[in-house]
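Structure file data.pdb (PDB, C-alpha atoms and all ligand atoms) is printed below.
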ATOM      1  CA  MET A 463    -132.221  50.300  89.522
ATOM      2  CA  GLN A 464    -131.052  49.239  86.099
ATOM      3  CA  ILE A 465    -128.602  46.503  85.260
ATOM      4  CA  LYS A 466    -127.333  45.803  81.764
ATOM      5  CA  PHE A 467    -127.417  42.023  81.574
ATOM      6  CA  ASN A 468    -125.723  40.425  78.563
ATOM      7  CA  GLY A 469    -126.293  43.639  76.643
ATOM      8  CA  LYS A 470    -129.958  44.183  77.601
ATOM      9  CA  LEU A 471    -131.228  46.646  80.230
ATOM     10  CA  GLN A 472    -133.162  45.083  83.087
ATOM     11  CA  GLU A 473    -134.949  46.782  85.980
ATOM     12  CA  ILE A 474    -134.447  45.303  89.455
ATOM     13  CA  SER A 475    -136.383  46.574  92.436
ATOM     14  CA  ASN A 476    -134.347  45.386  95.406
ATOM     15  CA  GLU A 477    -130.759  45.558  96.407
ATOM     16  CA  MET A 478    -129.290  42.206  95.602
ATOM     17  CA  SER A 479    -126.061  40.323  95.300
ATOM     18  CA  LEU A 480    -124.660  39.083  92.031
ATOM     19  CA  GLN A 481    -125.431  35.544  93.206
ATOM     20  CA  GLN A 482    -129.132  36.412  93.815
ATOM     21  CA  PHE A 483    -129.354  38.190  90.471
ATOM     22  CA  LEU A 484    -128.016  35.178  88.600
ATOM     23  CA  THR A 485    -130.084  32.663  90.573
ATOM     24  CA  GLU A 486    -133.289  34.642  89.855
ATOM     25  CA  ARG A 487    -132.510  34.411  86.162
ATOM     26  CA  GLY A 488    -131.974  30.672  86.294
ATOM     27  CA  ILE A 489    -128.265  30.904  85.499
ATOM     28  CA  PRO A 490    -126.562  27.738  86.761
ATOM     29  CA  ALA A 491    -123.400  28.373  88.760
ATOM     30  CA  ASP A 492    -121.705  25.255  87.386
ATOM     31  CA  GLY A 493    -119.848  25.913  84.167
ATOM     32  CA  THR A 494    -120.610  29.640  84.215
ATOM     33  CA  ALA A 495    -118.243  32.576  84.486
ATOM     34  CA  CYS A 496    -119.377  36.113  85.174
ATOM     35  CA  ALA A 497    -118.035  39.614  84.634
ATOM     36  CA  VAL A 498    -119.240  42.891  86.121
ATOM     37  CA  ASN A 499    -118.322  46.055  84.254
ATOM     38  CA  GLU A 500    -116.152  43.892  81.997
ATOM     39  CA  GLU A 501    -114.062  42.490  84.840
ATOM     40  CA  ILE A 502    -114.287  38.818  85.831
ATOM     41  CA  VAL A 503    -115.763  38.170  89.282
ATOM     42  CA  ALA A 504    -114.650  34.812  90.692
ATOM     43  CA  LYS A 505    -117.484  32.525  91.654
ATOM     44  CA  ALA A 506    -116.452  32.546  95.321
ATOM     45  CA  GLY A 507    -117.140  36.292  95.354
ATOM     46  CA  TRP A 508    -120.641  36.260  93.794
ATOM     47  CA  ALA A 509    -122.556  36.112  97.098
ATOM     48  CA  ASP A 510    -120.762  39.149  98.564
ATOM     49  CA  PHE A 511    -120.843  41.277  95.429
ATOM     50  CA  MET A 512    -123.693  43.805  95.767
ATOM     51  CA  LEU A 513    -125.020  45.162  92.477
ATOM     52  CA  GLN A 514    -125.345  48.912  91.985
ATOM     53  CA  ASP A 515    -127.396  50.959  89.557
ATOM     54  CA  GLY A 516    -125.950  51.066  86.069
ATOM     55  CA  MET A 517    -123.703  48.040  86.428
ATOM     56  CA  GLN A 518    -123.092  45.794  83.466
ATOM     57  CA  VAL A 519    -123.317  42.043  84.125
ATOM     58  CA  ASP A 520    -122.193  39.508  81.537
ATOM     59  CA  VAL A 521    -122.262  35.738  81.895
ATOM     60  CA  PHE A 522    -120.778  33.101  79.640
ATOM     61  CA  SER A 523    -120.320  29.353  79.595
ATOM     62  CA  LEU A 524    -116.825  28.036  80.129
ATOM     63  CA  VAL A 525    -115.518  25.847  77.322
ATOM     64  CA  ALA A 526    -112.591  23.484  77.427
ATOM     65  CA  GLY A 527    -112.130  21.688  74.103
ATOM     66  CA  GLY A 528    -108.920  21.882  72.143
TER      67      GLY A 528
ATOM     68  CA  MET B1259     -81.616  37.946  48.401
ATOM     69  CA  SER B1260     -80.901  35.267  50.995
ATOM     70  CA  ALA B1261     -83.405  32.469  51.429
ATOM     71  CA  ALA B1262     -84.358  33.755  54.890
ATOM     72  CA  THR B1263     -84.857  37.280  53.589
ATOM     73  CA  GLU B1264     -87.072  35.970  50.817
ATOM     74  CA  ARG B1265     -89.019  33.546  53.024
ATOM     75  CA  TYR B1266     -89.956  36.245  55.545
ATOM     76  CA  ALA B1267     -90.213  39.189  53.138
ATOM     77  CA  ARG B1268     -93.950  39.714  53.587
ATOM     78  CA  GLN B1269     -93.802  39.227  57.355
ATOM     79  CA  ALA B1270     -90.895  41.683  57.594
ATOM     80  CA  ALA B1271     -92.838  44.187  55.497
ATOM     81  CA  LEU B1272     -94.949  44.803  58.598
ATOM     82  CA  PRO B1273     -92.980  47.527  60.397
ATOM     83  CA  GLU B1274     -93.461  45.875  63.830
ATOM     84  CA  PHE B1275     -92.162  42.566  62.444
ATOM     85  CA  ALA B1276     -89.281  43.942  60.383
ATOM     86  CA  HIS B1277     -86.668  41.931  62.304
ATOM     87  CA  SER B1278     -89.021  39.405  63.868
ATOM     88  CA  HIS B1279     -87.632  36.314  62.126
ATOM     89  CA  GLU B1280     -84.176  36.964  63.595
ATOM     90  CA  ARG B1281     -85.710  37.193  67.062
ATOM     91  CA  PHE B1282     -88.039  34.243  66.441
ATOM     92  CA  ALA B1283     -85.142  32.042  65.290
ATOM     93  CA  ARG B1284     -83.848  32.194  68.877
ATOM     94  CA  THR B1285     -87.308  31.628  70.406
ATOM     95  CA  ARG B1286     -88.514  28.370  71.959
ATOM     96  CA  VAL B1287     -92.235  27.647  72.306
ATOM     97  CA  GLY B1288     -93.914  24.655  73.920
ATOM     98  CA  VAL B1289     -97.253  23.506  72.518
ATOM     99  CA  ILE B1290     -99.215  21.133  74.736
ATOM    100  CA  GLY B1291    -101.919  19.388  72.750
ATOM    101  CA  VAL B1292    -101.522  19.218  68.971
ATOM    102  CA  GLY B1293    -105.134  18.504  68.042
ATOM    103  CA  GLY B1294    -107.823  20.899  66.821
ATOM    104  CA  LEU B1295    -105.956  23.985  68.045
ATOM    105  CA  GLY B1296    -102.347  22.984  68.563
ATOM    106  CA  ALA B1297    -101.617  21.392  65.189
ATOM    107  CA  LEU B1298    -102.457  24.354  62.969
ATOM    108  CA  CYS B1299    -101.149  26.766  65.604
ATOM    109  CA  SER B1300     -97.739  25.006  65.606
ATOM    110  CA  TYR B1301     -97.628  25.133  61.830
ATOM    111  CA  LEU B1302     -98.318  28.879  61.824
ATOM    112  CA  LEU B1303     -95.596  29.458  64.440
ATOM    113  CA  ALA B1304     -93.174  27.414  62.344
ATOM    114  CA  GLY B1305     -94.143  29.481  59.307
ATOM    115  CA  ALA B1306     -93.276  32.650  61.221
ATOM    116  CA  GLY B1307     -89.832  31.217  61.962
ATOM    117  CA  ILE B1308     -90.090  30.214  65.623
ATOM    118  CA  GLY B1309     -86.737  28.417  65.979
ATOM    119  CA  GLU B1310     -87.711  25.598  68.301
ATOM    120  CA  LEU B1311     -91.090  24.003  68.901
ATOM    121  CA  ARG B1312     -91.684  21.380  71.559
ATOM    122  CA  LEU B1313     -94.868  19.461  70.872
ATOM    123  CA  SER B1314     -96.564  17.379  73.536
ATOM    124  CA  ASP B1315     -99.448  14.949  72.924
ATOM    125  CA  ASN B1316     -99.920  11.194  73.169
ATOM    126  CA  ASP B1317    -102.854  11.010  70.782
ATOM    127  CA  GLU B1318    -102.838   9.336  67.393
ATOM    128  CA  VAL B1319    -104.460  10.678  64.240
ATOM    129  CA  SER B1320    -107.949   9.248  63.724
ATOM    130  CA  LEU B1321    -110.496   9.605  60.931
ATOM    131  CA  SER B1322    -112.773  11.739  63.120
ATOM    132  CA  ASN B1323    -109.949  14.302  63.511
ATOM    133  CA  LEU B1324    -109.570  15.078  59.832
ATOM    134  CA  HIS B1325    -112.514  17.481  59.376
ATOM    135  CA  ARG B1326    -110.813  20.036  61.641
ATOM    136  CA  GLN B1327    -107.200  19.000  62.234
ATOM    137  CA  VAL B1328    -106.085  20.109  58.815
ATOM    138  CA  LEU B1329    -102.405  19.320  59.321
ATOM    139  CA  TYR B1330    -103.209  15.602  59.192
ATOM    140  CA  ASP B1331    -104.405  13.392  56.340
ATOM    141  CA  LEU B1332    -105.398   9.817  55.503
ATOM    142  CA  SER B1333    -101.805   8.655  55.178
ATOM    143  CA  MET B1334    -101.249   9.514  58.864
ATOM    144  CA  LEU B1335    -104.090   7.511  60.473
ATOM    145  CA  GLY B1336    -102.854   5.711  63.587
ATOM    146  CA  GLN B1337     -99.591   7.648  63.786
ATOM    147  CA  THR B1338     -98.831   9.928  66.718
ATOM    148  CA  LYS B1339     -99.898  13.502  66.095
ATOM    149  CA  THR B1340     -96.593  14.947  67.299
ATOM    150  CA  ALA B1341     -94.625  12.856  64.772
ATOM    151  CA  CYS B1342     -96.991  13.869  61.960
ATOM    152  CA  ALA B1343     -96.845  17.538  62.892
ATOM    153  CA  LYS B1344     -93.056  17.313  62.994
ATOM    154  CA  GLN B1345     -93.064  15.775  59.508
ATOM    155  CA  ARG B1346     -95.296  18.546  58.130
ATOM    156  CA  ILE B1347     -93.157  21.284  59.697
ATOM    157  CA  ALA B1348     -89.955  19.691  58.347
ATOM    158  CA  ALA B1349     -91.463  19.883  54.851
ATOM    159  CA  LEU B1350     -92.339  23.543  55.430
ATOM    160  CA  ASP B1351     -88.972  24.572  56.829
ATOM    161  CA  PRO B1352     -86.254  22.103  57.836
ATOM    162  CA  ALA B1353     -84.491  24.856  59.814
ATOM    163  CA  ILE B1354     -87.200  24.733  62.492
ATOM    164  CA  GLN B1355     -86.215  22.389  65.297
ATOM    165  CA  VAL B1356     -89.179  20.271  66.424
ATOM    166  CA  ASN B1357     -88.933  18.074  69.504
ATOM    167  CA  THR B1358     -91.751  15.713  70.371
ATOM    168  CA  TYR B1359     -92.994  14.623  73.781
ATOM    169  CA  GLY B1360     -95.764  12.348  75.011
ATOM    170  CA  ALA B1361     -98.342  13.504  77.539
ATOM    171  CA  LEU B1362     -96.825  15.507  80.406
ATOM    172  CA  THR B1363     -98.251  13.565  83.300
ATOM    173  CA  ASP B1364     -96.039  14.624  86.189
ATOM    174  CA  ALA B1365     -94.106  17.663  87.355
ATOM    175  CA  ALA B1366     -90.756  16.092  86.413
ATOM    176  CA  SER B1367     -91.751  15.421  82.792
ATOM    177  CA  PHE B1368     -93.141  18.950  82.611
ATOM    178  CA  ALA B1369     -89.900  20.420  83.977
ATOM    179  CA  ASN B1370     -87.936  18.572  81.296
ATOM    180  CA  PHE B1371     -90.306  19.871  78.616
ATOM    181  CA  ALA B1372     -90.344  23.443  79.960
ATOM    182  CA  LYS B1373     -86.622  24.066  80.404
ATOM    183  CA  GLY B1374     -85.606  27.227  78.550
ATOM    184  CA  LEU B1375     -88.989  27.869  76.916
ATOM    185  CA  ASN B1376     -90.041  31.443  76.164
ATOM    186  CA  MET B1377     -93.728  30.572  76.165
ATOM    187  CA  VAL B1378     -96.185  27.698  76.540
ATOM    188  CA  LEU B1379     -99.362  27.272  74.538
ATOM    189  CA  LEU B1380    -101.807  25.233  76.581
ATOM    190  CA  LEU B1381    -104.141  23.661  74.024
ATOM    191  CA  THR B1382    -105.237  20.316  75.482
ATOM    192  CA  ASP B1383    -108.840  19.189  75.226
ATOM    193  CA  THR B1384    -109.946  19.140  78.882
ATOM    194  CA  GLN B1385    -110.278  21.694  81.656
ATOM    195  CA  SER B1386    -108.810  19.284  84.210
ATOM    196  CA  SER B1387    -105.584  18.818  82.230
ATOM    197  CA  ARG B1388    -105.341  22.568  81.631
ATOM    198  CA  LEU B1389    -105.726  23.295  85.347
ATOM    199  CA  THR B1390    -102.845  20.973  86.282
ATOM    200  CA  LEU B1391    -100.620  22.159  83.445
ATOM    201  CA  SER B1392    -101.388  25.795  84.224
ATOM    202  CA  ASP B1393    -100.234  25.218  87.824
ATOM    203  CA  TRP B1394     -96.928  23.853  86.492
ATOM    204  CA  CYS B1395     -96.531  26.746  84.030
ATOM    205  CA  LEU B1396     -97.099  29.112  86.955
ATOM    206  CA  ALA B1397     -94.522  27.313  89.100
ATOM    207  CA  HIS B1398     -92.010  27.712  86.233
ATOM    208  CA  ARG B1399     -93.053  31.369  85.689
ATOM    209  CA  LEU B1400     -93.732  30.795  82.016
ATOM    210  CA  PRO B1401     -95.884  33.090  79.900
ATOM    211  CA  THR B1402     -98.832  30.806  79.127
ATOM    212  CA  LEU B1403    -101.400  31.178  76.424
ATOM    213  CA  ILE B1404    -104.595  29.249  77.029
ATOM    214  CA  ALA B1405    -107.157  28.660  74.301
ATOM    215  CA  CYS B1406    -110.269  26.503  74.381
ATOM    216  CA  VAL B1407    -112.871  25.822  71.715
ATOM    217  CA  SER B1408    -116.138  23.913  71.638
ATOM    218  CA  GLY B1409    -119.383  24.301  69.718
ATOM    219  CA  TYR B1410    -119.250  27.774  68.196
ATOM    220  CA  SER B1411    -117.449  29.252  71.206
ATOM    221  CA  GLY B1412    -113.818  29.996  71.864
ATOM    222  CA  MET B1413    -111.885  31.421  74.798
ATOM    223  CA  LEU B1414    -108.400  32.878  74.514
ATOM    224  CA  ALA B1415    -106.248  34.419  77.228
ATOM    225  CA  LEU B1416    -102.590  35.100  77.846
ATOM    226  CA  PHE B1417    -101.534  34.457  81.427
ATOM    227  CA  ASN B1418     -98.164  36.121  81.772
ATOM    228  CA  TYR B1419     -96.931  34.025  84.686
ATOM    229  CA  ALA B1420     -93.435  35.458  84.166
ATOM    230  CA  ALA B1421     -94.609  38.798  85.607
ATOM    231  CA  PRO B1422     -95.387  38.880  89.369
ATOM    232  CA  GLN B1423     -97.521  42.004  88.944
ATOM    233  CA  PHE B1424     -99.577  40.155  86.334
ATOM    234  CA  ILE B1425    -100.332  37.362  88.792
ATOM    235  CA  ALA B1426    -101.174  39.822  91.592
ATOM    236  CA  GLN B1427    -103.630  41.624  89.357
ATOM    237  CA  HIS B1428    -104.997  39.027  86.964
ATOM    238  CA  GLY B1429    -104.415  35.720  88.771
ATOM    239  CA  CYS B1430    -104.192  32.351  87.064
ATOM    240  CA  TYR B1431    -106.347  29.994  85.001
ATOM    241  CA  ARG B1432    -107.527  28.399  88.237
ATOM    242  CA  CYS B1433    -108.986  31.775  89.345
ATOM    243  CA  LEU B1434    -111.221  31.626  86.269
ATOM    244  CA  CYS B1435    -112.206  27.964  86.127
ATOM    245  CA  ALA B1436    -111.728  26.241  89.480
ATOM    246  CA  ASP B1437    -114.863  24.850  91.127
ATOM    247  CA  ASN B1438    -116.507  24.109  87.808
ATOM    248  CA  PRO B1439    -117.259  20.676  86.412
ATOM    249  CA  GLU B1440    -115.595  19.566  83.182
ATOM    250  CA  PRO B1441    -117.580  21.208  80.357
ATOM    251  CA  ALA B1442    -119.480  18.775  78.122
ATOM    252  CA  VAL B1443    -117.897  17.946  74.775
ATOM    253  CA  GLN B1444    -119.870  19.569  71.945
ATOM    254  CA  GLY B1445    -119.739  19.266  68.198
ATOM    255  CA  ILE B1446    -117.492  21.598  66.229
ATOM    256  CA  LEU B1447    -116.895  22.773  62.669
ATOM    257  CA  GLY B1448    -113.428  22.715  61.152
ATOM    258  CA  PRO B1449    -113.388  26.471  60.505
ATOM    259  CA  THR B1450    -114.195  27.201  64.152
ATOM    260  CA  ALA B1451    -111.116  25.306  65.335
ATOM    261  CA  ALA B1452    -109.029  26.855  62.551
ATOM    262  CA  GLN B1453    -110.100  30.411  63.391
ATOM    263  CA  LEU B1454    -109.226  30.053  67.051
ATOM    264  CA  SER B1455    -105.933  28.324  66.128
ATOM    265  CA  ALA B1456    -105.048  31.312  64.000
ATOM    266  CA  ALA B1457    -106.078  33.820  66.695
ATOM    267  CA  THR B1458    -103.934  31.907  69.198
ATOM    268  CA  ALA B1459    -100.896  31.897  66.921
ATOM    269  CA  GLN B1460    -101.369  35.610  66.207
ATOM    270  CA  LEU B1461    -101.479  36.467  69.909
ATOM    271  CA  ALA B1462     -98.399  34.302  70.582
ATOM    272  CA  LEU B1463     -96.389  35.952  67.792
ATOM    273  CA  GLN B1464     -97.299  39.476  68.893
ATOM    274  CA  PHE B1465     -96.366  38.668  72.480
ATOM    275  CA  LEU B1466     -93.077  37.009  71.491
ATOM    276  CA  ASN B1467     -92.314  39.954  69.214
ATOM    277  CA  GLY B1468     -92.880  42.371  72.101
ATOM    278  CA  THR B1469     -95.628  44.173  70.224
ATOM    279  CA  LEU B1470     -98.784  42.975  71.965
ATOM    280  CA  ALA B1471    -101.209  45.857  72.546
ATOM    281  CA  ASP B1472    -101.597  46.874  76.187
ATOM    282  CA  LYS B1473    -105.348  46.394  76.050
ATOM    283  CA  LEU B1474    -104.851  42.671  75.416
ATOM    284  CA  GLN B1475    -102.685  42.177  78.520
ATOM    285  CA  GLY B1476    -104.663  40.463  81.267
ATOM    286  CA  CYS B1477    -107.708  39.977  79.072
ATOM    287  CA  LEU B1478    -109.913  37.050  78.237
ATOM    288  CA  THR B1479    -111.370  37.202  74.747
ATOM    289  CA  LEU B1480    -114.531  35.223  74.037
ATOM    290  CA  TYR B1481    -115.409  34.339  70.472
ATOM    291  CA  ASP B1482    -118.821  33.415  69.130
ATOM    292  CA  PHE B1483    -118.060  32.108  65.662
ATOM    293  CA  SER B1484    -121.766  31.673  64.812
ATOM    294  CA  THR B1485    -122.168  35.465  64.842
ATOM    295  CA  GLN B1486    -118.531  36.472  64.219
ATOM    296  CA  SER B1487    -118.602  38.442  67.464
ATOM    297  CA  THR B1488    -116.170  38.855  70.328
ATOM    298  CA  ARG B1489    -116.421  39.994  73.937
ATOM    299  CA  ARG B1490    -113.454  40.937  76.093
ATOM    300  CA  PHE B1491    -113.154  40.908  79.866
ATOM    301  CA  LYS B1492    -110.364  41.792  82.290
ATOM    302  CA  LEU B1493    -109.061  38.802  84.215
ATOM    303  CA  LYS B1494    -108.975  39.346  87.944
ATOM    304  CA  ARG B1495    -107.217  37.363  90.631
ATOM    305  CA  ALA B1496    -109.680  35.458  92.829
ATOM    306  CA  ALA B1497    -108.992  36.387  96.443
ATOM    307  CA  GLY B1498    -109.093  32.832  97.739
ATOM    308  CA  CYS B1499    -107.320  31.103  94.835
ATOM    309  CA  GLY B1500    -104.910  28.522  96.153
ATOM    310  CA  GLY B1501    -103.278  28.176  92.734
ATOM    311  CA  CYS B1502    -101.599  31.566  92.580
ATOM    312  CA  ARG B1503    -101.551  32.772  96.196
ATOM    313  CA  GLU B1504     -97.858  32.136  96.767
ATOM    314  CA  TYR B1505     -96.839  33.746  93.443
ATOM    315  CA  ALA B1506     -98.915  36.907  93.666
ATOM    316  CA  ASP B1507     -96.327  39.088  95.370
TER     317      ASP B1507
HETATM  318 ZN    ZN A1601    -105.335  31.832  90.764
END
Turn this file's structure into structure tokens for me.
Ligand SMILES: [Zn+2]
Amino acid sequence: MQIKFNGKLQEISNEMSLQQFLTERGIPADGTACAVNEEIVAKAGWADFMLQDGMQVDVFSLVAGG
Amino acid sequence: MSAATERYARQAALPEFAHSHERFARTRVGVIGVGGLGALCSYLLAGAGIGELRLSDNDEVSLSNLHRQVLYDLSMLGQTKTACAKQRIAALDPAIQVNTYGALTDAASFANFAKGLNMVLLLTDTQSSRLTLSDWCLAHRLPTLIACVSGYSGMLALFNYAAPQFIAQHGCYRCLCADNPEPAVQGILGPTAAQLSAATAQLALQFLNGTLADKLQGCLTLYDFSTQSTRRFKLKRAAGCGGCREYAD
């Protein structure tokens, strides 16, 4: 199935959770926020969130300066 | 033409803002952190005629601030930022009431600061301080605008803690950032801080004017100033968030 990851289409072969998807791509959990289909998914929910064909996944680094 | 009519003529020429300065004159906004974001943001709010500004910060102006904190200059080194911002706003428009506060370090000092505010702008320079202050804003049911900037990146979101349905749907700042370490401090260009300050002030004024577009409600906007691009995501309440659980219904 295809996932659009940060704007680029990627093919994944197996069913996987959002957590697995991000881990496989070397995305550190610390300091990272994630949205699926343009809606934020809280980090505590990443492991239970199963990706489906055509989903859009975006990650970004949290910033805090002011 | 009265002075007020003349001062706000161009603002009032926008149909949505035709009577905004009359409304803004009765509006009270709290700005927590008057550094890279909060200083210019306060000045822009004062320019728009926000009647009362409460500024909180315990920092003093230093030489390393001046490349981006454009409200301050060499004559102000070592003085508290809130006093300097107050001085600049008084020179812009003495009708704007500016009250200054030190750091808000406990719930009681926050309650004193927050009494009667229409909105809080949370513009401190750490995630940990924002998390605590956001909890207090939530407890006081205050519309809270949170902006952060570092490197070339900015984040901006309005958490309308005054609306229970907002909290049920979109949660709180803790839903977004809890369980993350304090982000590392990065370098920053003056224009990056200025652009996000201006975007923050714009969002605040549209919200306070009652003319904020629906699509911006409950959204987090991410800015990449190196490419002049933005991304926008819907905020969603985190099921297990202890910060907003008791306010969500
Ligand atoms: Zn929450």
*Please write as an MDAnalysis selection string the full residue list that the PyMOL selection byres ((chain A and not hetatm) within 6 of (chain B)) yields on this file.*
chainID A and resid 492:493 500:502 504 525:528
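Across the model, the gap from atom CA of Asn1323 of chain B to atom CA of Gln1345 of chain B is 17.4 Å.
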_What does the structure give for the distance between atom CA of Gln1327 of chain B and atom CA of Leu1379 of chain B, in Å to one decimal?_
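For atom CA of Gln1327 of chain B relative to atom CA of Leu1379 of chain B, the distance reads 16.8 Å.
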_Separation of atom CA of Phe1424 of chain B from atom CA of Ile1308 of chain B, in Å and rounded to one decimal_ =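 So the two atoms, atom CA of Phe1424 of chain B and atom CA of Ile1308 of chain B, lie 24.9 Å apart.
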*asked:* If we count only C-alpha atoms and set the cut-off at 7 Å, which residues sit around Lys466 of chain A, ignoring sequence neighbours fewer than 2 positions away in its own chain? Please answer as a list in words.
replied: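 Listed by chain and then number, they are Gln464, Asn468, Gly469, Lys470, Leu471, Gln472, Gly516, Met517, Gln518 and Val519 of chain A.
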Centre, edges in Å (one decimal): axis-aligned box, segment 475-478 of chain A, 4 Å padding on all six sides, as AutoDock Vina command-line options:
--center_x -132.8 --center_y 44.4 --center_z 94.4 --size_x 15.1 --size_y 12.4 --size_z 12.0
*asked:* Need the shell around Ile474 of chain A: protein/DNA/RNA residues with any atom at most 10 Å away, counting all atoms listed in the file. Skip same-chain ones fewer than 4 positions apart. Format as a count of residues only?
replied: 7
*Residues in the PyMOL selection byres (((chain B and resi 1365) around 10) and not hetatm), expressed as a PyMOL selection string*: chain B and resi 1362-1364+1366-1371+1390-1391+1393-1395+1397
*Spell out the residues picked by the PyMOL selection byres (((chain B and resi 1299) around 7) and not hetatm) here, as a VMD selection string.*
chain B and resid 1295 to 1298 1300 to 1303 1455 to 1456 1458 to 1459
Could you give me, as CSV, a per-residue list for segment 1447-1503 of chain B showing, wherever an atom lies at most 12 Å from an atom of segment 1280-1286 of chain B, the closest pair of atoms and their distance in Å to one decimal, using all atoms listed in the file and sorting by chain then residue number from low to high?
residue,atom,partner,partner_atom,distance
B:Ala1462,CA,B:Phe1282,CA,11.2
B:Leu1463,CA,B:Phe1282,CA,8.6
B:Gln1464,CA,B:Phe1282,CA,10.9
B:Phe1465,CA,B:Phe1282,CA,11.2
B:Leu1466,CA,B:Phe1282,CA,7.7
B:Asn1467,CA,B:Arg1281,CA,7.5
B:Gly1468,CA,B:Arg1281,CA,10.2
*Protein and nucleic acid residues near (-98.7, 31.8, 84.4) (cut-off 9 Å, only C-alpha atoms) as number ranges by chain*: B: 1392-1403, 1416-1421, 1424-1425, 1429-1431, 1502
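Using only C-alpha atoms and all ligand atoms, the nearest neighbour of ligand ZN 1601 (chain A) within the list B:Pro1449, B:Leu1332, B:Ala1426, B:His1325 is B:Ala1426.
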*asked:* Please list as a list in words every residue within 12 Å of Ala509 of chain A, counting all atoms listed in the file and excluding residues in the same chain fewer than 3 positions away.
replied: Met478, Ser479, Leu480, Gln481, Gln482, Phe483, Leu484, Thr485, Ala491, Val503, Ala504, Lys505, Ala506, Met512 and Leu513 of chain A
